[in-house]
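Student: Shown below is the structure under consideration.
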Amino acid sequence: MLKNKLLALLILSLFFLAGCSVSLSGSGGGKDGGFFKTSNKGDVWTQKVSVPALGQAQAINNVNVMAMEMDPSDRKAIYLGTFEDGLFYTYDQGETWRFMSGLGKISIGAIAVDPIEKCVIFTTSLNKVFKTTDCGRTWSQIYYDSDLKITIDALAIDHYNNFNIYIGNSRGDIILSSDRGGSWRAISRFSDKIAKIVLSPSDSRMIFVGTRQKGLFRSNDAAASWIDLKDSLKQFGDSSSFKDLILSKNEPGVIVLVSALGLIKSTDYGDSWTKIELLTPDKNTVINAATINLKNSKEVYYTTNTSFLRSLDGGQTWATKKLPTTRACWKLIVDPEEENIIYMGVRAIKK
């Protein structure tokens with residue numbers, strides 16, 4: 001048991017170090033972890049970590065967040081994946097949280113919620129993929145990689161045909177299930193860690209894959225072929241170090257790339273790009289998390305190790321606030337209906 005735990009810690013440490021300037025720290029004694037919420041676009045943040053329990057007060061104020069996902073059919077439902085503390089969920093926009101005991105206290109790398117079938121959720125942990133069909137009461141393992149050094153870090157569900165589930169691993173494989181996890185087949189290999197898989201909200205045949213060091217790729221034909229977008233990004237220098245990709249749901253074609261270069265925006269699905277000017281020089285800025293208002297892509301948010309930054313005019317002007325925690329913000333979500341509400345998942349880091 002101890003040997004397996006040490007191996008898990010080693011694999012996760014390698015994951016966080018790849019392409020990042022910070023690494024995961026232990027839970028520590030601080031109680032400023034978990035989840036924060038703002039109702040005024042980041043002016044004031046409140047820690048929301050309450051866990052109802054009979055006879056005793058509980059909280060998730062010491063957990064480190066690895067993944068955060070909102071239910072696409074119920075914006076009040078949010079899932080929080082943690083480092084070695086398992087999966088938590090809220091059905092009231094973060095006011096109260098509950099622990100999904102069926103998975104146990106494992107590290108959660110990615111979360112995907114079925115956009116069509118209620119109560120169907122997928123998660124990854126190290127080299128495994130798990131699935132629940134009853135809102136988390138019970139879970140089954142539906143995939144594992146026989147190589148214990150491999151991690152599965154990317155997960156996506158086809159919103160048009162929810163039988164299609166995509167996963168990406170640290171070997172560089174894109175693996176597809178066409179029967180909701182019953183069977184799997186490798187369909188593409190990029191020979192680099194797959195950091196994220198995103199399907200276009202307007203056409204699920206358009207798929208974006210972010211690799212940790214080789215940059216961004218796009219498929220227009222459901223992964224039958226791939227276009228390397230490095231040529232359209234070459235004017236910005238080295239854009240190969242991928243961190244995140246955000247696609248607007250209400251403005252077709254609008255995507256924002258987060259890389260070592262900072263924030264870069266496209267309005268034509270990556271065929272051309274413009275730079276979002278940051279408050280500080282790009283070479284001095286380490287972006288840990290970023291997001292946009294999915295209804296208005298001029299509203300841009302990002303975080304550094306110590307600050308939360310907001311632009312409401314596409315980067316022409318910025319407001320900055322000190323983070324409400326000594327930890328780093330690692331995940332940001334703007335509520336799709338109440339646009340003043342933003343959710344933040346944080347983790348402890350070593351600088």
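Letters for chains follow the order of the structure tokens (A, B, ...), residue numbers begin at 1 for each chain, and ligand numbers begin at 1 in the order shown.
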Please, which residues of segment 143-346 of chain A, numbered as in this document, come out alpha helix (DSSP H) from DSSP, as a ChimeraX atom specification?

Tutor: /A:230-233

Student: Skip Glu84 of chain A itself and residues of its chain fewer than 3 positions away, then list as a PyMOL selection string all residues within 8 Å of it, counting only C-alpha atoms.

Tutor: chain A and resi 105-108

Student: Restricted to N, CA and C atoms, what would the selected residues look like written as a compact mmCIF listing (two decimals), in the first residue's frame?

Tutor:
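What ended up in part_38.txt:
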```txt
# COMPACT_ATOMS: atom_id res chain seq x y z
N LYS A 105 -10.99 8.33 -0.93
CA LYS A 105 -10.05 9.46 -0.89
C LYS A 105 -8.92 9.21 -1.88
N ILE A 106 -9.22 9.48 -3.14
CA ILE A 106 -8.25 9.34 -4.22
C ILE A 106 -8.02 10.71 -4.85
N SER A 107 -7.03 10.81 -5.70
CA SER A 107 -6.77 12.05 -6.44
C SER A 107 -7.57 12.04 -7.74
N ILE A 108 -8.26 13.13 -7.99
CA ILE A 108 -9.12 13.26 -9.17
C ILE A 108 -8.43 14.18 -10.18
```

Student: Skip Ser191 of chain A itself and residues of its chain fewer than 3 positions away, then list as a list of chain:residue names all residues within 12 Å of it, counting only C-alpha atoms.

Tutor: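 The residues that qualify are A:Gly168, A:Asn169, A:Ser170, A:Arg171, A:Gly172, A:Asp173, A:Ile174, A:Ser188, A:Ile194, A:Thr211, A:Arg212, A:Gln213, A:Lys214, A:Gly215.
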
Student: Would you mind reading off the distance between atom CA of Val113 of chain A and atom CA of Ser241 of chain A, one decimal, in Å?

Tutor: 27.3 Å

Student: Hey, what does DSSP flag as strand (DSSP E) within segment 40-222 of chain A? Can you give it to me as a PDB file with C-alpha atoms, in the first residue's frame?

Tutor:
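As a result, part-v4.pdb now contains:
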```pdb
ATOM      1  CA  THR A  46     -16.102  34.281   0.212  1.00  0.00           C
ATOM      2  CA  GLN A  47     -14.799  30.823   1.117  1.00  0.00           C
ATOM      3  CA  SER A  50     -19.339  23.826   4.471  1.00  0.00           C
ATOM      4  CA  VAL A  51     -20.092  20.089   4.617  1.00  0.00           C
ATOM      5  CA  GLN A  58     -17.156  19.661   8.853  1.00  0.00           C
ATOM      6  CA  ALA A  59     -15.535  21.571   6.011  1.00  0.00           C
ATOM      7  CA  VAL A  65      -8.364  21.379  -5.985  1.00  0.00           C
ATOM      8  CA  MET A  66      -7.228  19.560  -9.119  1.00  0.00           C
ATOM      9  CA  ALA A  67     -10.428  19.677 -11.189  1.00  0.00           C
ATOM     10  CA  MET A  68     -13.670  21.667 -11.135  1.00  0.00           C
ATOM     11  CA  GLU A  69     -16.632  21.073 -13.428  1.00  0.00           C
ATOM     12  CA  MET A  70     -20.156  22.480 -13.679  1.00  0.00           C
ATOM     13  CA  ASP A  71     -23.057  20.279 -14.734  1.00  0.00           C
ATOM     14  CA  ASP A  74     -27.745  22.263 -14.014  1.00  0.00           C
ATOM     15  CA  ARG A  75     -25.511  25.238 -13.281  1.00  0.00           C
ATOM     16  CA  LYS A  76     -26.141  24.929  -9.523  1.00  0.00           C
ATOM     17  CA  ALA A  77     -24.370  21.564  -9.529  1.00  0.00           C
ATOM     18  CA  ILE A  78     -20.567  21.789  -9.364  1.00  0.00           C
ATOM     19  CA  TYR A  79     -18.061  18.963  -8.886  1.00  0.00           C
ATOM     20  CA  LEU A  80     -14.730  19.440  -7.164  1.00  0.00           C
ATOM     21  CA  GLY A  81     -11.886  16.965  -7.674  1.00  0.00           C
ATOM     22  CA  THR A  82      -9.072  17.077  -5.136  1.00  0.00           C
ATOM     23  CA  LEU A  87     -14.589  14.064  -5.171  1.00  0.00           C
ATOM     24  CA  PHE A  88     -17.021  16.564  -3.649  1.00  0.00           C
ATOM     25  CA  TYR A  89     -20.223  18.031  -5.066  1.00  0.00           C
ATOM     26  CA  THR A  90     -22.636  20.887  -4.453  1.00  0.00           C
ATOM     27  CA  ARG A  98     -20.941  16.628   0.135  1.00  0.00           C
ATOM     28  CA  PHE A  99     -18.374  13.877  -0.296  1.00  0.00           C
ATOM     29  CA  ALA A 110     -10.454  15.310 -14.580  1.00  0.00           C
ATOM     30  CA  ILE A 111     -14.259  15.387 -14.419  1.00  0.00           C
ATOM     31  CA  ALA A 112     -16.890  15.257 -17.179  1.00  0.00           C
ATOM     32  CA  VAL A 113     -20.661  15.432 -16.647  1.00  0.00           C
ATOM     33  CA  ILE A 121     -20.507  11.436 -14.404  1.00  0.00           C
ATOM     34  CA  PHE A 122     -16.995  10.386 -15.425  1.00  0.00           C
ATOM     35  CA  THR A 123     -13.764  11.006 -13.521  1.00  0.00           C
ATOM     36  CA  THR A 124     -10.115  10.076 -13.929  1.00  0.00           C
ATOM     37  CA  SER A 125      -7.562   9.154 -11.293  1.00  0.00           C
ATOM     38  CA  LYS A 128      -7.978   4.858 -14.408  1.00  0.00           C
ATOM     39  CA  VAL A 129     -11.376   6.155 -15.515  1.00  0.00           C
ATOM     40  CA  PHE A 130     -14.496   5.798 -13.345  1.00  0.00           C
ATOM     41  CA  LYS A 131     -18.196   6.211 -14.116  1.00  0.00           C
ATOM     42  CA  THR A 132     -21.384   6.647 -12.119  1.00  0.00           C
ATOM     43  CA  SER A 140     -17.455   1.461 -11.610  1.00  0.00           C
ATOM     44  CA  GLN A 141     -14.006   1.428 -13.166  1.00  0.00           C
ATOM     45  CA  ILE A 142     -14.444   1.495 -16.940  1.00  0.00           C
ATOM     46  CA  TYR A 143     -10.855   1.914 -18.151  1.00  0.00           C
ATOM     47  CA  TYR A 144      -7.294   1.543 -16.949  1.00  0.00           C
ATOM     48  CA  ILE A 152      -5.166  10.130 -17.821  1.00  0.00           C
ATOM     49  CA  ASP A 153      -5.425  13.898 -17.624  1.00  0.00           C
ATOM     50  CA  ALA A 154      -8.022  14.848 -20.259  1.00  0.00           C
ATOM     51  CA  LEU A 155     -11.668  13.839 -20.516  1.00  0.00           C
ATOM     52  CA  ALA A 156     -14.536  15.031 -22.737  1.00  0.00           C
ATOM     53  CA  ILE A 157     -18.057  13.937 -23.675  1.00  0.00           C
ATOM     54  CA  ILE A 165     -16.306   9.621 -24.613  1.00  0.00           C
ATOM     55  CA  TYR A 166     -12.769  10.906 -25.288  1.00  0.00           C
ATOM     56  CA  ILE A 167      -9.815  10.531 -22.943  1.00  0.00           C
ATOM     57  CA  GLY A 168      -6.211  11.683 -23.335  1.00  0.00           C
ATOM     58  CA  ASN A 169      -3.181  10.357 -21.492  1.00  0.00           C
ATOM     59  CA  ASP A 173      -2.902   8.937 -26.926  1.00  0.00           C
ATOM     60  CA  ILE A 174      -6.438  10.039 -27.684  1.00  0.00           C
ATOM     61  CA  ILE A 175      -8.701   7.113 -26.837  1.00  0.00           C
ATOM     62  CA  LEU A 176     -12.374   6.909 -27.782  1.00  0.00           C
ATOM     63  CA  SER A 177     -15.291   4.933 -26.421  1.00  0.00           C
ATOM     64  CA  ARG A 185      -9.860   2.213 -28.989  1.00  0.00           C
ATOM     65  CA  ALA A 186      -6.889   4.521 -29.587  1.00  0.00           C
ATOM     66  CA  ILE A 187      -7.637   6.897 -32.456  1.00  0.00           C
ATOM     67  CA  SER A 188      -4.720   9.390 -32.411  1.00  0.00           C
ATOM     68  CA  ARG A 189      -1.245   9.769 -30.934  1.00  0.00           C
ATOM     69  CA  ILE A 194      -2.503  15.375 -23.575  1.00  0.00           C
ATOM     70  CA  ALA A 195      -3.443  18.223 -21.271  1.00  0.00           C
ATOM     71  CA  LYS A 196      -6.973  18.966 -22.499  1.00  0.00           C
ATOM     72  CA  ILE A 197      -9.623  17.859 -24.999  1.00  0.00           C
ATOM     73  CA  VAL A 198     -12.352  20.368 -25.901  1.00  0.00           C
ATOM     74  CA  LEU A 199     -15.242  19.881 -28.334  1.00  0.00           C
ATOM     75  CA  ILE A 207     -12.185  18.893 -31.535  1.00  0.00           C
ATOM     76  CA  PHE A 208      -9.262  20.761 -29.980  1.00  0.00           C
ATOM     77  CA  VAL A 209      -6.389  18.978 -28.258  1.00  0.00           C
ATOM     78  CA  GLY A 210      -3.858  20.805 -26.122  1.00  0.00           C
ATOM     79  CA  THR A 211      -0.556  18.994 -25.611  1.00  0.00           C
ATOM     80  CA  GLY A 215       0.984  23.087 -28.613  1.00  0.00           C
ATOM     81  CA  LEU A 216      -2.555  23.093 -29.961  1.00  0.00           C
ATOM     82  CA  PHE A 217      -4.208  20.878 -32.586  1.00  0.00           C
ATOM     83  CA  ARG A 218      -7.660  20.954 -34.204  1.00  0.00           C
ATOM     84  CA  SER A 219      -9.724  18.334 -35.964  1.00  0.00           C
TER      85      SER A 219
END
```

Student: Which residue is closest to Trp273 of chain A? Choose from A:Gln235, A:Thr317, A:Thr96, A:Asn288 and count only C-alpha atoms.

Tutor: A:Gln235

Student: Name all residues at most 9 Å from Lys295 of chain A (count only C-alpha atoms; drop same-chain ones fewer than 5 positions away) and give them as a ChimeraX atom specification.

Tutor: /A:248-251,336-337,339

Student: How many Å separate atom CA of Pro201 of chain A from atom CA of Pro252 of chain A?

Tutor: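 Separating atom CA of Pro201 of chain A from atom CA of Pro252 of chain A is a distance of 8.0 Å.
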
Student: Considering only C-alpha atoms, return as a list in words whatever protein or nucleic-acid residues lie within 10 Å of Asp313 of chain A, sequence-local ones (same chain, fewer than 4 positions apart) excluded.

Tutor: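 Final neighbour list, sorted by chain and number: Asn296, Ser297, Lys298, Glu299, Val300, Thr317 and Trp318 of chain A.
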
Student: For the selection you just gave me, I'd like the residues written to a file as a short mmCIF file (atom, residue, chain, number, x, y, z; two decimals), in the first residue's frame, keeping N, CA and C atoms.

Tutor:
```cif
data_model
loop_
_atom_site.label_atom_id
_atom_site.label_comp_id
_atom_site.auth_asym_id
_atom_site.auth_seq_id
_atom_site.Cartn_x
_atom_site.Cartn_y
_atom_site.Cartn_z
N ASN A 296 -20.00 36.84 -23.19
CA ASN A 296 -19.33 38.07 -23.63
C ASN A 296 -17.83 37.87 -23.45
N SER A 297 -17.15 37.52 -24.52
CA SER A 297 -15.74 37.15 -24.43
C SER A 297 -14.83 38.32 -24.14
N LYS A 298 -15.38 39.55 -24.11
CA LYS A 298 -14.55 40.70 -23.71
C LYS A 298 -14.30 40.71 -22.21
N GLU A 299 -15.11 39.96 -21.47
CA GLU A 299 -14.88 39.82 -20.04
C GLU A 299 -13.91 38.67 -19.81
N VAL A 300 -12.68 39.01 -19.43
CA VAL A 300 -11.59 38.04 -19.30
C VAL A 300 -11.08 38.06 -17.86
N THR A 317 -8.13 47.48 -20.37
CA THR A 317 -7.87 47.91 -18.99
C THR A 317 -8.08 46.71 -18.06
N TRP A 318 -7.37 46.75 -16.95
CA TRP A 318 -7.44 45.64 -15.99
C TRP A 318 -7.63 46.16 -14.58
#
```

Student: Of the candidates A:Ser266, A:Thr320, A:Thr291, A:Asn161, which one gets nearest to Met344 of chain A if we count only C-alpha atoms?

Tutor: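 Of the candidates, the smallest distance to Met344 of chain A is held by A:Thr291.
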
Student: Between A:Asn305, A:Pro324, A:Ile255, A:Leu247, which is the closest to Lys350 of chain A once you count only C-alpha atoms?

Tutor: A:Asn305

Student: What is the atom CA of Met206 of chain A-atom CA of Tyr269 of chain A distance in Å, reported with one decimal?

Tutor: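 Those two atoms sit 9.2 Å apart.
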
Student: With only C-alpha atoms as the basis for distance, which of A:Tyr343, A:Phe35, A:Trp330, A:Phe83 is at the shortest distance from Thr304 of chain A?

Tutor: A:Trp330
